[in-house]
Amino acid sequence: MGRIENKVAVVTGGADGIGKATCVRFAQEGAAVIIADVNVELGNKTAAEIQAAGGRALFVETDVANEASIIAMVAAGVKAFGKIHILVNNAAVFVLKGIDATVEEWRRILDVNVIGASLVAKHVVPEIKWAGGGAIVNLGSISSFIAQPEFVTYNATKAAIATMSRCMALDLAPHNIRVNAVCPGTVWTQIVERLSRQEGMDRAAADKDPTWGGSCMMKRIADPSEIASTILFLVSDDASYVTGAHLMVDGGYTAV
């Protein structure tokens, strides 16, 4: 039996990267997954891969910056699977700007990374309550806690996720809902791969580079599956007494 057998999970940004790895791992552990993403092609592909492997998955095109889209996603998920027990707030945009960010850039990143996460929780939490309780994992970052050059916009939103997670944990504990944040360091996702290749580096070179994988104790970039495994732990009964926590999954980067 899987660690989250017969549970139903919503994963925003579930079509690719950490989100996809989480959906795949959840399905392997017995859960049905609702893949909520704006990328229709990749979302359908991820759902098809999970189904081909014998898992249960539903892709719902979802823009977390649009409340009506979120409401429709939740309704579709409940119609398909009956209940929702787990939420992973993973969807994010990477507007990497300093104090020169425009109003439009600020609104874009806040709408998705902060307001979007809160709105998804707003509409999923009633379903988790109805199911008798469950767990939420919000995707924070090392950027929730440290300063990075020209990252004012992104780091501000990830710092907001850290505090939001603590507040949600306090508010939802009486309803048997645990809320935690996973805070990854550098992960080999599409955006990291693209940025590395722009600097002329493949995965092996990026692992060794002092500004990429070489900046942490473990001297390598994380794989999305390693973050997914941590998320799985936090939503499973193995973490039954863990709430309001920020679990660093950064190869030791923030420890030095």
# chains A, B, ... in the order shown; residues from 1 in each chain; ligands from 1
>>> select_by_dssp(residues="stretch 63-150 of chain A", states="strand (DSSP E or B)", output="list in words")
Ile86, Leu87, Val88, Asn89, Gly134, Ala135, Ile136, Val137, Asn138 and Leu139 of chain A
>>> residues_around(residues="A:Val11", least_positions_apart="2", cutoff="8 Å", atoms="only C-alpha atoms", output="ChimeraX atom specification")
/A:9,13-14,19,22-23,33-36,87-90
>>> closest_atom_pairs(of="stretch 122-159 of chain A", to="stretch 64-81 of chain A", cutoff="10 Å", atoms="only C-alpha atoms", output="tab-separated table")
residue	atom	partner	partner_atom	distance
A:Lys122	CA	A:Ile70	CA	9.6
A:His123	CA	A:Ile71	CA	6.6
A:Val124	CA	A:Val74	CA	6.6
A:Glu127	CA	A:Val78	CA	8.3
>>> atom_distance(atom1="atom CA of A:Leu96", atom2="atom CA of A:Gly200")
20.3 Å
>>> closest_residue(among="A:Ala31, A:Phe59, A:Gly244, A:Arg25", to="A:Ala169", atoms="only C-alpha atoms")
A:Gly244
>>> residues_around(residues="stretch 227-234 of chain A", least_positions_apart="6", cutoff="10 Å", atoms="only C-alpha atoms", output="ChimeraX atom specification")
/A:3-4,17-26,29,88,135-139,178-185,187,240-243,245,247-250
>>> write_last_selection(atoms="C-alpha atoms", output="PDB file, in the first residue's frame")
ATOM      1  CA  ARG A   3       1.896   6.202   1.663  1.00  0.00           C
ATOM      2  CA  ILE A   4      -1.063   8.291   0.457  1.00  0.00           C
ATOM      3  CA  GLY A  17       9.452  20.432 -13.070  1.00  0.00           C
ATOM      4  CA  ILE A  18       8.885  19.977  -9.352  1.00  0.00           C
ATOM      5  CA  GLY A  19       5.130  19.900  -9.924  1.00  0.00           C
ATOM      6  CA  LYS A  20       5.317  17.052 -12.421  1.00  0.00           C
ATOM      7  CA  ALA A  21       7.725  15.090 -10.237  1.00  0.00           C
ATOM      8  CA  THR A  22       5.298  15.518  -7.339  1.00  0.00           C
ATOM      9  CA  CYS A  23       2.314  14.357  -9.380  1.00  0.00           C
ATOM     10  CA  VAL A  24       4.206  11.282 -10.570  1.00  0.00           C
ATOM     11  CA  ARG A  25       5.372  10.409  -7.053  1.00  0.00           C
ATOM     12  CA  PHE A  26       1.919  10.934  -5.552  1.00  0.00           C
ATOM     13  CA  GLU A  29       2.074   6.205  -3.782  1.00  0.00           C
ATOM     14  CA  VAL A  88       0.510  21.455  -3.162  1.00  0.00           C
ATOM     15  CA  ALA A 135      -2.294  18.565   4.392  1.00  0.00           C
ATOM     16  CA  ILE A 136      -1.058  21.556   2.426  1.00  0.00           C
ATOM     17  CA  VAL A 137       2.481  22.125   1.211  1.00  0.00           C
ATOM     18  CA  ASN A 138       3.413  25.544  -0.130  1.00  0.00           C
ATOM     19  CA  LEU A 139       6.537  25.895  -2.254  1.00  0.00           C
ATOM     20  CA  ARG A 178      -1.401  20.581   8.514  1.00  0.00           C
ATOM     21  CA  VAL A 179       0.388  23.301   6.535  1.00  0.00           C
ATOM     22  CA  ASN A 180       4.096  23.349   5.804  1.00  0.00           C
ATOM     23  CA  ALA A 181       6.491  24.917   3.321  1.00  0.00           C
ATOM     24  CA  VAL A 182       9.218  23.190   1.345  1.00  0.00           C
ATOM     25  CA  CYS A 183      12.130  25.484   0.571  1.00  0.00           C
ATOM     26  CA  PRO A 184      14.332  24.166  -2.241  1.00  0.00           C
ATOM     27  CA  GLY A 185      17.661  25.480  -3.359  1.00  0.00           C
ATOM     28  CA  VAL A 187      16.701  22.500  -8.821  1.00  0.00           C
ATOM     29  CA  SER A 240       1.581  13.707  11.354  1.00  0.00           C
ATOM     30  CA  TYR A 241       3.064  16.046  14.014  1.00  0.00           C
ATOM     31  CA  VAL A 242       4.692  18.495  11.600  1.00  0.00           C
ATOM     32  CA  THR A 243       2.939  21.775  10.876  1.00  0.00           C
ATOM     33  CA  ALA A 245       7.489  24.219   9.445  1.00  0.00           C
ATOM     34  CA  LEU A 247      11.820  22.364   5.482  1.00  0.00           C
ATOM     35  CA  MET A 248      15.010  23.395   3.708  1.00  0.00           C
ATOM     36  CA  VAL A 249      15.865  21.091   0.789  1.00  0.00           C
ATOM     37  CA  ASP A 250      18.925  22.950  -0.407  1.00  0.00           C
TER      38      ASP A 250
END
>>> residues_around(residues="stretch 157-164 of chain A", least_positions_apart="6", cutoff="7 Å", atoms="only C-alpha atoms", output="number ranges by chain")
A: 110, 113-114, 140-141, 143-145, 181
>>> atom_distance(atom1="atom CA of A:Asn44", atom2="atom CA of A:Val235")
24.3 Å
>>> closest_residue(among="A:Gly214, A:Gly116, A:Pro174, A:Pro224", to="A:Gly133", atoms="only C-alpha atoms")
A:Pro174
>>> select_by_dssp(residues="stretch 5-235 of chain A", states="helix (DSSP H, G or I)", output="PyMOL selection string")
chain A and resi 17-28+40-52+67-81+103-130+142-144+152-175+190-198+203-208+213-215+224-235
>>> atom_distance(atom1="atom CA of A:Trp130", atom2="atom CA of A:Ser118")
18.8 Å
>>> decode(residues="stretch 29-79 of chain A", atoms="N, CA and C atoms", output="mmCIF file, in the first residue's frame")
data_model
loop_
_atom_site.group_PDB
_atom_site.id
_atom_site.type_symbol
_atom_site.label_atom_id
_atom_site.label_comp_id
_atom_site.auth_asym_id
_atom_site.auth_seq_id
_atom_site.Cartn_x
_atom_site.Cartn_y
_atom_site.Cartn_z
ATOM 1 N N GLU A 29 2.371 6.514 -5.184
ATOM 2 C CA GLU A 29 2.074 6.205 -3.782
ATOM 3 C C GLU A 29 0.575 6.058 -3.520
ATOM 4 N N GLY A 30 -0.221 5.940 -4.598
ATOM 5 C CA GLY A 30 -1.619 5.579 -4.439
ATOM 6 C C GLY A 30 -2.633 6.692 -4.509
ATOM 7 N N ALA A 31 -2.195 7.938 -4.733
ATOM 8 C CA ALA A 31 -3.126 9.063 -4.771
ATOM 9 C C ALA A 31 -3.623 9.323 -6.184
ATOM 10 N N ALA A 32 -4.811 9.909 -6.267
ATOM 11 C CA ALA A 32 -5.284 10.494 -7.520
ATOM 12 C C ALA A 32 -4.811 11.937 -7.545
ATOM 13 N N VAL A 33 -4.339 12.402 -8.691
ATOM 14 C CA VAL A 33 -3.782 13.751 -8.767
ATOM 15 C C VAL A 33 -4.560 14.618 -9.750
ATOM 16 N N ILE A 34 -4.820 15.837 -9.317
ATOM 17 C CA ILE A 34 -5.437 16.852 -10.158
ATOM 18 C C ILE A 34 -4.320 17.801 -10.558
ATOM 19 N N ILE A 35 -3.949 17.771 -11.823
ATOM 20 C CA ILE A 35 -2.846 18.565 -12.334
ATOM 21 C C ILE A 35 -3.401 19.905 -12.797
ATOM 22 N N ALA A 36 -3.122 20.959 -12.053
ATOM 23 C CA ALA A 36 -3.655 22.285 -12.351
ATOM 24 C C ALA A 36 -2.541 23.145 -12.929
ATOM 25 N N ASP A 37 -2.661 23.509 -14.202
ATOM 26 C CA ASP A 37 -1.566 24.209 -14.867
ATOM 27 C C ASP A 37 -2.108 24.989 -16.057
ATOM 28 N N VAL A 38 -1.390 26.041 -16.443
ATOM 29 C CA VAL A 38 -1.789 26.801 -17.630
ATOM 30 C C VAL A 38 -1.289 26.163 -18.920
ATOM 31 N N ASN A 39 -0.314 25.275 -18.810
ATOM 32 C CA ASN A 39 0.289 24.663 -19.997
ATOM 33 C C ASN A 39 -0.512 23.420 -20.385
ATOM 34 N N VAL A 40 -1.359 23.569 -21.385
ATOM 35 C CA VAL A 40 -2.259 22.484 -21.786
ATOM 36 C C VAL A 40 -1.485 21.298 -22.355
ATOM 37 N N GLU A 41 -0.514 21.571 -23.214
ATOM 38 C CA GLU A 41 0.237 20.481 -23.840
ATOM 39 C C GLU A 41 0.968 19.634 -22.810
ATOM 40 N N LEU A 42 1.734 20.286 -21.934
ATOM 41 C CA LEU A 42 2.493 19.534 -20.935
ATOM 42 C C LEU A 42 1.582 18.923 -19.878
ATOM 43 N N GLY A 43 0.495 19.617 -19.538
ATOM 44 C CA GLY A 43 -0.442 19.079 -18.552
ATOM 45 C C GLY A 43 -1.081 17.792 -19.024
ATOM 46 N N ASN A 44 -1.550 17.782 -20.248
ATOM 47 C CA ASN A 44 -2.139 16.560 -20.795
ATOM 48 C C ASN A 44 -1.102 15.449 -20.929
ATOM 49 N N LYS A 45 0.121 15.826 -21.283
ATOM 50 C CA LYS A 45 1.194 14.828 -21.416
ATOM 51 C C LYS A 45 1.506 14.185 -20.064
ATOM 52 N N THR A 46 1.580 14.995 -19.014
ATOM 53 C CA THR A 46 1.862 14.454 -17.684
ATOM 54 C C THR A 46 0.742 13.534 -17.225
ATOM 55 N N ALA A 47 -0.501 13.954 -17.443
ATOM 56 C CA ALA A 47 -1.642 13.115 -17.063
ATOM 57 C C ALA A 47 -1.613 11.790 -17.812
ATOM 58 N N ALA A 48 -1.304 11.838 -19.102
ATOM 59 C CA ALA A 48 -1.264 10.621 -19.910
ATOM 60 C C ALA A 48 -0.156 9.682 -19.442
ATOM 61 N N GLU A 49 0.993 10.234 -19.068
ATOM 62 C CA GLU A 49 2.097 9.406 -18.578
ATOM 63 C C GLU A 49 1.717 8.698 -17.285
ATOM 64 N N ILE A 50 1.055 9.417 -16.396
ATOM 65 C CA ILE A 50 0.634 8.817 -15.126
ATOM 66 C C ILE A 50 -0.397 7.725 -15.373
ATOM 67 N N GLN A 51 -1.347 8.004 -16.244
ATOM 68 C CA GLN A 51 -2.384 7.019 -16.548
ATOM 69 C C GLN A 51 -1.802 5.779 -17.220
ATOM 70 N N ALA A 52 -0.829 5.981 -18.107
ATOM 71 C CA ALA A 52 -0.196 4.853 -18.792
ATOM 72 C C ALA A 52 0.538 3.936 -17.816
ATOM 73 N N ALA A 53 0.992 4.520 -16.708
ATOM 74 C CA ALA A 53 1.691 3.742 -15.683
ATOM 75 C C ALA A 53 0.732 3.136 -14.661
ATOM 76 N N GLY A 54 -0.570 3.303 -14.898
ATOM 77 C CA GLY A 54 -1.565 2.712 -14.009
ATOM 78 C C GLY A 54 -2.069 3.633 -12.916
ATOM 79 N N GLY A 55 -1.663 4.907 -12.956
ATOM 80 C CA GLY A 55 -2.101 5.854 -11.932
ATOM 81 C C GLY A 55 -3.361 6.602 -12.342
ATOM 82 N N ARG A 56 -3.872 7.375 -11.400
ATOM 83 C CA ARG A 56 -5.074 8.175 -11.647
ATOM 84 C C ARG A 56 -4.683 9.645 -11.708
ATOM 85 N N ALA A 57 -5.057 10.307 -12.803
ATOM 86 C CA ALA A 57 -4.687 11.704 -12.975
ATOM 87 C C ALA A 57 -5.711 12.412 -13.838
ATOM 88 N N LEU A 58 -5.930 13.678 -13.518
ATOM 89 C CA LEU A 58 -6.815 14.543 -14.294
ATOM 90 C C LEU A 58 -6.104 15.863 -14.508
ATOM 91 N N PHE A 59 -5.967 16.270 -15.766
ATOM 92 C CA PHE A 59 -5.435 17.600 -16.034
ATOM 93 C C PHE A 59 -6.581 18.582 -16.183
ATOM 94 N N VAL A 60 -6.469 19.733 -15.493
ATOM 95 C CA VAL A 60 -7.444 20.812 -15.627
ATOM 96 C C VAL A 60 -6.677 22.095 -15.917
ATOM 97 N N GLU A 61 -6.915 22.681 -17.069
ATOM 98 C CA GLU A 61 -6.265 23.947 -17.387
ATOM 99 C C GLU A 61 -6.657 24.981 -16.336
ATOM 100 N N THR A 62 -5.662 25.544 -15.664
ATOM 101 C CA THR A 62 -5.938 26.416 -14.523
ATOM 102 C C THR A 62 -4.958 27.574 -14.482
ATOM 103 N N ASP A 63 -5.508 28.766 -14.373
ATOM 104 C CA ASP A 63 -4.711 29.973 -14.158
ATOM 105 C C ASP A 63 -4.940 30.397 -12.708
ATOM 106 N N VAL A 64 -3.932 30.232 -11.859
ATOM 107 C CA VAL A 64 -4.119 30.519 -10.435
ATOM 108 C C VAL A 64 -4.272 32.005 -10.152
ATOM 109 N N ALA A 65 -4.007 32.842 -11.151
ATOM 110 C CA ALA A 65 -4.236 34.276 -11.001
ATOM 111 C C ALA A 65 -5.678 34.658 -11.321
ATOM 112 N N ASN A 66 -6.500 33.663 -11.667
ATOM 113 C CA ASN A 66 -7.898 33.883 -12.029
ATOM 114 C C ASN A 66 -8.778 33.048 -11.105
ATOM 115 N N GLU A 67 -9.530 33.705 -10.222
ATOM 116 C CA GLU A 67 -10.308 32.979 -9.221
ATOM 117 C C GLU A 67 -11.356 32.074 -9.859
ATOM 118 N N ALA A 68 -11.986 32.524 -10.933
ATOM 119 C CA ALA A 68 -12.989 31.691 -11.598
ATOM 120 C C ALA A 68 -12.360 30.403 -12.136
ATOM 121 N N SER A 69 -11.134 30.496 -12.631
ATOM 122 C CA SER A 69 -10.422 29.322 -13.122
ATOM 123 C C SER A 69 -10.144 28.341 -11.990
ATOM 124 N N ILE A 70 -9.803 28.854 -10.830
ATOM 125 C CA ILE A 70 -9.559 27.996 -9.661
ATOM 126 C C ILE A 70 -10.835 27.290 -9.240
ATOM 127 N N ILE A 71 -11.921 28.027 -9.177
ATOM 128 C CA ILE A 71 -13.208 27.443 -8.781
ATOM 129 C C ILE A 71 -13.592 26.315 -9.732
ATOM 130 N N ALA A 72 -13.400 26.532 -11.029
ATOM 131 C CA ALA A 72 -13.722 25.508 -12.022
ATOM 132 C C ALA A 72 -12.827 24.280 -11.854
ATOM 133 N N MET A 73 -11.550 24.488 -11.542
ATOM 134 C CA MET A 73 -10.627 23.366 -11.344
ATOM 135 C C MET A 73 -11.049 22.520 -10.161
ATOM 136 N N VAL A 74 -11.392 23.160 -9.064
ATOM 137 C CA VAL A 74 -11.808 22.416 -7.871
ATOM 138 C C VAL A 74 -13.068 21.613 -8.163
ATOM 139 N N ALA A 75 -14.014 22.228 -8.849
ATOM 140 C CA ALA A 75 -15.260 21.533 -9.189
ATOM 141 C C ALA A 75 -14.989 20.324 -10.074
ATOM 142 N N ALA A 76 -14.095 20.479 -11.046
ATOM 143 C CA ALA A 76 -13.765 19.366 -11.935
ATOM 144 C C ALA A 76 -13.079 18.237 -11.174
ATOM 145 N N GLY A 77 -12.199 18.600 -10.256
ATOM 146 C CA GLY A 77 -11.503 17.593 -9.471
ATOM 147 C C GLY A 77 -12.442 16.810 -8.568
ATOM 148 N N VAL A 78 -13.346 17.519 -7.921
ATOM 149 C CA VAL A 78 -14.313 16.858 -7.031
ATOM 150 C C VAL A 78 -15.261 15.973 -7.840
ATOM 151 N N LYS A 79 -15.655 16.449 -9.003
ATOM 152 C CA LYS A 79 -16.527 15.640 -9.865
ATOM 153 C C LYS A 79 -15.844 14.342 -10.275
#
